[in-house]
Amino acid sequence: MKYLFTIFAVLTAVLLSYGLYQALVVAPTEQTMGEVQRIFYYHVPSAWAAFCLFFVNLVASIWYMVRRNRKADALALAAAEVGVVFCTIVLVTGPLWARPVWGIWWTWDLRLTLTLVLWLIYVAYLILRKFSTSGQTPVIAAVLAIFGALDVPLVYFSIWFFRTQHPQPVVGGGGSIDPRMLHAFFINLIAFSCFGALVCWSRYRFEMAHRDVEDRQALESIMEAGASR
Amino acid sequence: MSSDGLTRATLIKDLRLEWRSKDAINSMLFFALLVVVIFSFAFDPTAEESRQIAGGLVWVAFLFAAVVALNQTWARELRNQVLDAYRVSPAPPNSLFLAKALGNFIFVTVLEALMTPLFIVFYNLRALGPAWQLPIVAVLGTWALVVNGTFFAAMSLRTRSREIMLPLLLFPISIPALLAMVEATTSILTGEYSAKFWIVLLVAYDLLFTMASLLLFSFVLHAE
């Protein structure tokens with residue numbers, strides 16, 4: 001198990017370096033957007049990693065509600081935390097890219113707004129976990145994760161219709177893509193998936209170790225109290 | 001006692017408590033009034049502008065005011081360990097939840113009924129679209145706020161600084177409902193487009209989250 005983690009970490013590092021080389025050196029400069037377009041190789045894979053991690057959080061939360069497995073809860077927490085970090089990267093790199101290309105930092109377009117709402121829901125999730133004083137934090141957090149997931153399609157449809165009512169600046173555009181660009185993109189997509197999984201995995205291991213220590217300390221203090229009586 | 005009877009008993013108890021103390025309704029009313037006045041100063045709209053922004057103003061004022069009532073929902077039951085008594089009693093948790101949600105629904109509806117004339121006066125409002133749809137939007141929108149609010153208020157009971165926890169949980173989840181209420185109200189007031197899609201969305205939201213709350217409430221009630 002320990003070796004597996006190390007091997008995975010090395011593999012991720014190699015993939016990330018190769019992806020960086022591909023994105024910055026090999027991939028050609030985009031004609032209209034210029035060098036700034038290279039942020040795309042990090043922006044989209046981060047979004048992908050964030051959405052995958054939020055999905056892992058949902059599955060782990062449901063798993064916890066059904067089985068009351070404490071590993072599932074630790075996984076849900078790890079996935080939500082790392083997912084919020086990746087989602088923040090998306091929300092920061094997005095405006096950095098949008099400003100020179102679209103001339104605006106932000107637009108309330110479907111994808112942007114959906115990402116922002118997801119980020120808000122998961123930040124609320126983390127605050128709830130942080131502020132909860134009961135021993136049943138996992139249950140309450142899992143319930144909130146399920147509510148958040150139910151909300152996503154409604155958010156999607158409401159913003160989609162809101163946007164069709166109010167005209168928007170034209171975002172995106174067609175054109176053919178250089179195969180080297182696609183190559184760099186897919187390498188980074190795989191690398192970021194591995195990276196997200198790796199960080200989530202180590203956060204999960206840390207959380208489990210942390211809980212073991214807490215349990216042991218609690219047990220020790222009980223035993224000491226018993227011995228002193 | 002049957003589950004209907006339990007719902008009715010809890011609801012009547014809450015209404016009687018509110019009738020005698022008038023805590024929630026008074027604080028909600030004054031709070032909403034302040035929001036109306038402050039918005040009016042902040043934006044200083046003309047009649048045409050206020051028709052465009054009134055949907056947003058009304059619902060933001062009601063949302064903020066509703067949080068005041070929602071925060072009091074369960075806090076009352078913590079005193080004298082009433083909530084613990086509910087937990088150990090064989091009473092179905094859902095009838096308790098329904099009673100609380102209905103109680104909040106009545107409080108917020110009364111607030112809306114009292115505040116709407118004020119809004120009309122202060123902002124010189126007149127609906128250009130089909131005004132008969134407004135009560136439908138109000139009922140659906142209020143239930144959307146109240147069903148999730150009652151649920152999240154129960155969730156935030158066991159947290160530090162729970163008064164602030166409720167809006168932190170409620171607002172992000174309520175975004176689609178809030179968008180639907182605001183857009184439906186604006187479309188009816190301006191008469192520029194149909195409110196049909198938004199009403200359907202509100203119905204979907206209400207159904208989905210009422211079912212989810214009823215399915216998951218027992219977990220939240222028994223989480224100690």
# chains A, B, ... in the order shown; residues from 1 in each chain; ligands from 1

call {"tool": "interface_residues", "arguments": {"of": "chain A", "to": "chain B", "cutoff": "10 Å", "atoms": "only C-alpha atoms", "output": "PyMOL selection string"}}
result
chain A and resi 65+116-125+127-141+143-144+146-159+161-162+165

call {"tool": "write_last_selection", "arguments": {"atoms": "N, CA and C atoms", "output": "CSV table (one decimal), in the first residue's frame"}}
result
chain,number,residue,atom,x,y,z
A,65,MET,N,-24.0,7.4,4.4
A,65,MET,CA,-25.4,7.3,4.9
A,65,MET,C,-25.9,5.9,5.0
A,116,LEU,N,-19.3,28.7,-10.0
A,116,LEU,CA,-19.4,29.5,-8.8
A,116,LEU,C,-20.3,29.0,-7.7
A,117,VAL,N,-21.5,28.6,-8.2
A,117,VAL,CA,-22.5,28.1,-7.3
A,117,VAL,C,-22.1,26.8,-6.6
A,118,LEU,N,-21.4,25.9,-7.4
A,118,LEU,CA,-20.9,24.7,-6.8
A,118,LEU,C,-19.8,25.0,-5.7
A,119,TRP,N,-19.0,26.0,-6.1
A,119,TRP,CA,-17.9,26.4,-5.1
A,119,TRP,C,-18.6,26.9,-3.8
A,120,LEU,N,-19.7,27.7,-4.0
A,120,LEU,CA,-20.4,28.3,-2.8
A,120,LEU,C,-20.9,27.1,-1.9
A,121,ILE,N,-21.6,26.1,-2.6
A,121,ILE,CA,-22.2,25.1,-1.9
A,121,ILE,C,-21.1,24.3,-1.1
A,122,TYR,N,-20.0,24.0,-1.8
A,122,TYR,CA,-19.0,23.2,-1.1
A,122,TYR,C,-18.2,24.0,0.0
A,123,VAL,N,-18.1,25.3,-0.2
A,123,VAL,CA,-17.5,26.1,0.9
A,123,VAL,C,-18.5,26.1,2.1
A,124,ALA,N,-19.8,26.2,1.8
A,124,ALA,CA,-20.8,26.0,2.9
A,124,ALA,C,-20.6,24.7,3.6
A,125,TYR,N,-20.4,23.7,2.8
A,125,TYR,CA,-20.2,22.3,3.3
A,125,TYR,C,-19.0,22.3,4.3
A,127,ILE,N,-17.6,24.8,5.8
A,127,ILE,CA,-17.9,25.6,7.0
A,127,ILE,C,-18.7,24.9,8.0
A,128,LEU,N,-19.7,24.2,7.5
A,128,LEU,CA,-20.6,23.4,8.4
A,128,LEU,C,-19.8,22.3,9.1
A,129,ARG,N,-18.9,21.7,8.4
A,129,ARG,CA,-18.1,20.7,9.1
A,129,ARG,C,-17.2,21.3,10.2
A,130,LYS,N,-16.7,22.5,9.8
A,130,LYS,CA,-15.8,23.2,10.7
A,130,LYS,C,-16.5,23.6,12.0
A,131,PHE,N,-17.7,24.1,11.8
A,131,PHE,CA,-18.4,24.7,12.9
A,131,PHE,C,-19.3,23.7,13.7
A,132,SER,N,-19.4,22.5,13.2
A,132,SER,CA,-20.3,21.6,13.9
A,132,SER,C,-19.7,21.1,15.2
A,133,THR,N,-20.5,21.1,16.3
A,133,THR,CA,-20.0,20.7,17.6
A,133,THR,C,-20.5,19.4,18.0
A,134,SER,N,-21.4,18.8,17.2
A,134,SER,CA,-21.9,17.5,17.6
A,134,SER,C,-21.0,16.4,17.1
A,135,GLY,N,-21.1,15.2,17.7
A,135,GLY,CA,-20.4,14.1,17.3
A,135,GLY,C,-20.9,13.5,16.0
A,136,GLN,N,-22.0,14.0,15.5
A,136,GLN,CA,-22.7,13.5,14.3
A,136,GLN,C,-22.4,14.4,13.1
A,137,THR,N,-21.3,15.1,13.1
A,137,THR,CA,-21.0,15.9,12.0
A,137,THR,C,-21.0,15.2,10.6
A,138,PRO,N,-20.5,13.9,10.6
A,138,PRO,CA,-20.5,13.2,9.3
A,138,PRO,C,-21.9,13.1,8.7
A,139,VAL,N,-22.9,12.8,9.6
A,139,VAL,CA,-24.3,12.6,9.1
A,139,VAL,C,-24.8,13.9,8.5
A,140,ILE,N,-24.6,15.0,9.3
A,140,ILE,CA,-25.2,16.3,8.8
A,140,ILE,C,-24.5,16.7,7.5
A,141,ALA,N,-23.2,16.5,7.5
A,141,ALA,CA,-22.4,16.9,6.3
A,141,ALA,C,-22.9,16.1,5.1
A,143,VAL,N,-25.8,14.7,4.6
A,143,VAL,CA,-27.1,15.2,4.2
A,143,VAL,C,-26.9,16.5,3.3
A,144,LEU,N,-26.1,17.4,3.8
A,144,LEU,CA,-25.9,18.6,3.0
A,144,LEU,C,-25.3,18.3,1.6
A,146,ILE,N,-25.8,15.7,-0.2
A,146,ILE,CA,-26.9,15.2,-1.0
A,146,ILE,C,-27.8,16.3,-1.5
A,147,PHE,N,-28.1,17.3,-0.5
A,147,PHE,CA,-28.9,18.4,-0.9
A,147,PHE,C,-28.2,19.2,-2.0
A,148,GLY,N,-26.9,19.4,-1.9
A,148,GLY,CA,-26.2,20.1,-2.9
A,148,GLY,C,-26.3,19.5,-4.2
A,149,ALA,N,-26.1,18.1,-4.3
A,149,ALA,CA,-26.2,17.4,-5.5
A,149,ALA,C,-27.6,17.6,-6.2
A,150,LEU,N,-28.6,17.5,-5.3
A,150,LEU,CA,-30.0,17.7,-5.9
A,150,LEU,C,-30.2,19.1,-6.5
A,151,ASP,N,-29.4,20.0,-5.9
A,151,ASP,CA,-29.6,21.4,-6.4
A,151,ASP,C,-29.0,21.6,-7.7
A,152,VAL,N,-27.9,20.9,-8.1
A,152,VAL,CA,-27.1,21.2,-9.3
A,152,VAL,C,-28.0,21.2,-10.6
A,153,PRO,N,-28.9,20.2,-10.8
A,153,PRO,CA,-29.7,20.3,-12.1
A,153,PRO,C,-30.6,21.5,-12.1
A,154,LEU,N,-31.1,21.9,-10.9
A,154,LEU,CA,-32.0,23.0,-10.8
A,154,LEU,C,-31.2,24.3,-11.1
A,155,VAL,N,-30.0,24.4,-10.6
A,155,VAL,CA,-29.2,25.6,-10.8
A,155,VAL,C,-28.9,25.6,-12.3
A,156,TYR,N,-28.6,24.4,-12.9
A,156,TYR,CA,-28.3,24.4,-14.3
A,156,TYR,C,-29.4,24.9,-15.2
A,157,PHE,N,-30.6,24.4,-14.9
A,157,PHE,CA,-31.8,24.8,-15.8
A,157,PHE,C,-32.1,26.3,-15.5
A,158,SER,N,-32.1,26.7,-14.3
A,158,SER,CA,-32.5,28.1,-14.0
A,158,SER,C,-31.5,29.1,-14.7
A,159,ILE,N,-30.2,28.8,-14.6
A,159,ILE,CA,-29.3,29.7,-15.2
A,159,ILE,C,-29.3,29.6,-16.8
A,161,PHE,N,-32.0,29.0,-18.5
A,161,PHE,CA,-33.1,29.8,-19.0
A,161,PHE,C,-32.9,31.3,-18.8
A,162,PHE,N,-32.3,31.6,-17.7
A,162,PHE,CA,-32.0,33.0,-17.3
A,162,PHE,C,-31.2,33.6,-18.5
A,165,GLN,N,-32.9,34.4,-21.8
A,165,GLN,CA,-33.7,35.5,-21.7
A,165,GLN,C,-32.9,36.8,-21.9

call {"tool": "residues_around", "arguments": {"residues": "Val66 of chain A", "least_positions_apart": "3", "cutoff": "12 Å", "atoms": "only C-alpha atoms", "output": "list in words"}}
result
Val59, Ala60, Ser61, Ile62, Trp63, Asn69, Arg70, Ala72, Asp73, Val139, Ala142 and Val143 of chain A; Leu216 and Phe219 of chain B

call {"tool": "residues_around", "arguments": {"residues": "Val36 of chain A", "least_positions_apart": "2", "cutoff": "8 Å", "atoms": "only C-alpha atoms", "output": "PyMOL selection string"}}
result
chain A and resi 33-34+38-39+97+100

call {"tool": "select_by_dssp", "arguments": {"residues": "segment 158-199 of chain B", "states": "helix (DSSP H, G or I)", "output": "JSON, numbers by chain"}}
result
{"B": [158, 162, 163, 164, 165, 166, 167, 168, 169, 170, 171, 172, 173, 174, 175, 176, 177, 178, 179, 180, 181, 182, 183, 184, 185, 186, 187, 188, 189, 190, 196, 197, 198, 199]}

call {"tool": "closest_residue", "arguments": {"among": "A:Trp108, A:Arg68, A:Phe195, A:Val213", "to": "Arg163 of chain A", "atoms": "only C-alpha atoms"}}
result
A:Trp108

call {"tool": "closest_residue", "arguments": {"among": "A:Glu207, A:Phe40, A:Phe192, A:Gly226", "to": "Leu11 of chain A", "atoms": "only C-alpha atoms"}}
result
A:Phe192

call {"tool": "decode", "arguments": {"residues": "segment 33-131 of chain B", "atoms": "C-alpha atoms", "output": "PDB file, in the first residue's frame"}}
result
ATOM      1  CA  LEU B  33     -39.531  47.391   6.620  1.00  0.00           C
ATOM      2  CA  LEU B  34     -35.955  48.517   7.227  1.00  0.00           C
ATOM      3  CA  VAL B  35     -34.773  46.639   4.148  1.00  0.00           C
ATOM      4  CA  VAL B  36     -37.469  48.339   2.046  1.00  0.00           C
ATOM      5  CA  VAL B  37     -36.534  51.801   3.306  1.00  0.00           C
ATOM      6  CA  ILE B  38     -32.786  51.251   2.947  1.00  0.00           C
ATOM      7  CA  PHE B  39     -33.133  49.859  -0.579  1.00  0.00           C
ATOM      8  CA  SER B  40     -35.279  52.819  -1.480  1.00  0.00           C
ATOM      9  CA  PHE B  41     -32.561  55.232  -0.327  1.00  0.00           C
ATOM     10  CA  ALA B  42     -29.766  53.157  -1.837  1.00  0.00           C
ATOM     11  CA  PHE B  43     -31.263  52.986  -5.344  1.00  0.00           C
ATOM     12  CA  ASP B  44     -33.763  55.862  -5.438  1.00  0.00           C
ATOM     13  CA  PRO B  45     -35.666  54.289  -8.359  1.00  0.00           C
ATOM     14  CA  THR B  46     -38.222  55.877 -10.673  1.00  0.00           C
ATOM     15  CA  ALA B  47     -41.535  54.061 -11.222  1.00  0.00           C
ATOM     16  CA  GLU B  48     -40.261  52.373 -14.393  1.00  0.00           C
ATOM     17  CA  GLU B  49     -36.976  51.313 -12.793  1.00  0.00           C
ATOM     18  CA  SER B  50     -38.686  50.061  -9.665  1.00  0.00           C
ATOM     19  CA  ARG B  51     -40.834  47.769 -11.786  1.00  0.00           C
ATOM     20  CA  GLN B  52     -37.615  46.238 -13.131  1.00  0.00           C
ATOM     21  CA  ILE B  53     -35.947  45.787  -9.747  1.00  0.00           C
ATOM     22  CA  ALA B  54     -38.987  45.250  -7.481  1.00  0.00           C
ATOM     23  CA  GLY B  55     -38.986  41.458  -7.949  1.00  0.00           C
ATOM     24  CA  GLY B  56     -35.456  41.294  -6.621  1.00  0.00           C
ATOM     25  CA  LEU B  57     -36.081  43.759  -3.801  1.00  0.00           C
ATOM     26  CA  VAL B  58     -39.233  42.044  -2.547  1.00  0.00           C
ATOM     27  CA  TRP B  59     -37.689  38.601  -2.428  1.00  0.00           C
ATOM     28  CA  VAL B  60     -34.385  39.671  -0.926  1.00  0.00           C
ATOM     29  CA  ALA B  61     -36.320  41.479   1.832  1.00  0.00           C
ATOM     30  CA  PHE B  62     -38.517  38.409   2.440  1.00  0.00           C
ATOM     31  CA  LEU B  63     -35.519  36.083   2.358  1.00  0.00           C
ATOM     32  CA  PHE B  64     -33.618  38.084   4.969  1.00  0.00           C
ATOM     33  CA  ALA B  65     -36.718  38.466   7.113  1.00  0.00           C
ATOM     34  CA  ALA B  66     -37.569  34.765   6.839  1.00  0.00           C
ATOM     35  CA  VAL B  67     -34.153  33.863   8.248  1.00  0.00           C
ATOM     36  CA  VAL B  68     -35.159  35.676  11.450  1.00  0.00           C
ATOM     37  CA  ALA B  69     -38.177  33.402  11.904  1.00  0.00           C
ATOM     38  CA  LEU B  70     -36.372  30.281  10.740  1.00  0.00           C
ATOM     39  CA  ASN B  71     -33.609  30.757  13.292  1.00  0.00           C
ATOM     40  CA  GLN B  72     -36.161  30.677  16.092  1.00  0.00           C
ATOM     41  CA  THR B  73     -37.831  27.484  14.855  1.00  0.00           C
ATOM     42  CA  TRP B  74     -35.833  24.919  16.748  1.00  0.00           C
ATOM     43  CA  ALA B  75     -33.989  27.090  19.254  1.00  0.00           C
ATOM     44  CA  ARG B  76     -37.245  27.246  21.213  1.00  0.00           C
ATOM     45  CA  GLU B  77     -37.269  23.462  21.558  1.00  0.00           C
ATOM     46  CA  LEU B  78     -33.774  23.314  23.013  1.00  0.00           C
ATOM     47  CA  ARG B  79     -34.942  24.890  26.254  1.00  0.00           C
ATOM     48  CA  ASN B  80     -36.003  22.301  28.849  1.00  0.00           C
ATOM     49  CA  GLN B  81     -34.701  19.529  26.531  1.00  0.00           C
ATOM     50  CA  VAL B  82     -37.926  19.443  24.517  1.00  0.00           C
ATOM     51  CA  LEU B  83     -36.046  18.267  21.447  1.00  0.00           C
ATOM     52  CA  ASP B  84     -34.565  15.356  23.390  1.00  0.00           C
ATOM     53  CA  ALA B  85     -38.086  14.418  24.424  1.00  0.00           C
ATOM     54  CA  TYR B  86     -39.076  14.381  20.743  1.00  0.00           C
ATOM     55  CA  ARG B  87     -36.114  12.150  19.986  1.00  0.00           C
ATOM     56  CA  VAL B  88     -36.990   9.497  22.559  1.00  0.00           C
ATOM     57  CA  SER B  89     -40.723   9.633  21.833  1.00  0.00           C
ATOM     58  CA  PRO B  90     -42.085   7.240  19.188  1.00  0.00           C
ATOM     59  CA  ALA B  91     -43.565  10.207  17.303  1.00  0.00           C
ATOM     60  CA  PRO B  92     -42.649  10.174  13.588  1.00  0.00           C
ATOM     61  CA  PRO B  93     -39.988  12.885  12.943  1.00  0.00           C
ATOM     62  CA  ASN B  94     -41.659  13.897   9.692  1.00  0.00           C
ATOM     63  CA  SER B  95     -44.841  15.094  11.364  1.00  0.00           C
ATOM     64  CA  LEU B  96     -42.720  17.312  13.596  1.00  0.00           C
ATOM     65  CA  PHE B  97     -40.857  18.647  10.552  1.00  0.00           C
ATOM     66  CA  LEU B  98     -44.084  19.289   8.653  1.00  0.00           C
ATOM     67  CA  ALA B  99     -45.557  21.147  11.632  1.00  0.00           C
ATOM     68  CA  LYS B 100     -42.499  23.365  11.890  1.00  0.00           C
ATOM     69  CA  ALA B 101     -42.360  24.003   8.150  1.00  0.00           C
ATOM     70  CA  LEU B 102     -46.079  24.828   8.015  1.00  0.00           C
ATOM     71  CA  GLY B 103     -45.705  27.146  10.994  1.00  0.00           C
ATOM     72  CA  ASN B 104     -42.875  29.014   9.292  1.00  0.00           C
ATOM     73  CA  PHE B 105     -44.872  29.085   6.085  1.00  0.00           C
ATOM     74  CA  ILE B 106     -47.750  30.775   7.890  1.00  0.00           C
ATOM     75  CA  PHE B 107     -45.429  33.317   9.548  1.00  0.00           C
ATOM     76  CA  VAL B 108     -43.712  34.266   6.294  1.00  0.00           C
ATOM     77  CA  THR B 109     -47.034  34.394   4.417  1.00  0.00           C
ATOM     78  CA  VAL B 110     -48.462  36.782   7.012  1.00  0.00           C
ATOM     79  CA  LEU B 111     -45.319  38.880   6.669  1.00  0.00           C
ATOM     80  CA  GLU B 112     -45.715  38.973   2.882  1.00  0.00           C
ATOM     81  CA  ALA B 113     -49.400  39.881   3.131  1.00  0.00           C
ATOM     82  CA  LEU B 114     -48.561  42.790   5.407  1.00  0.00           C
ATOM     83  CA  MET B 115     -45.489  43.955   3.497  1.00  0.00           C
ATOM     84  CA  THR B 116     -46.846  43.802  -0.057  1.00  0.00           C
ATOM     85  CA  PRO B 117     -49.085  46.911   0.318  1.00  0.00           C
ATOM     86  CA  LEU B 118     -46.078  48.804   1.686  1.00  0.00           C
ATOM     87  CA  PHE B 119     -43.989  47.791  -1.299  1.00  0.00           C
ATOM     88  CA  ILE B 120     -46.738  48.887  -3.654  1.00  0.00           C
ATOM     89  CA  VAL B 121     -46.964  52.271  -1.937  1.00  0.00           C
ATOM     90  CA  PHE B 122     -43.239  52.924  -1.578  1.00  0.00           C
ATOM     91  CA  TYR B 123     -42.285  51.825  -5.088  1.00  0.00           C
ATOM     92  CA  ASN B 124     -45.468  52.866  -6.949  1.00  0.00           C
ATOM     93  CA  LEU B 125     -45.907  49.393  -8.340  1.00  0.00           C
ATOM     94  CA  ARG B 126     -48.540  48.221 -10.784  1.00  0.00           C
ATOM     95  CA  ALA B 127     -48.399  44.860 -12.524  1.00  0.00           C
ATOM     96  CA  LEU B 128     -48.403  45.086 -16.329  1.00  0.00           C
ATOM     97  CA  GLY B 129     -48.566  41.297 -16.738  1.00  0.00           C
ATOM     98  CA  PRO B 130     -51.100  38.749 -15.417  1.00  0.00           C
ATOM     99  CA  ALA B 131     -51.335  39.738 -11.734  1.00  0.00           C
TER     100      ALA B 131
END
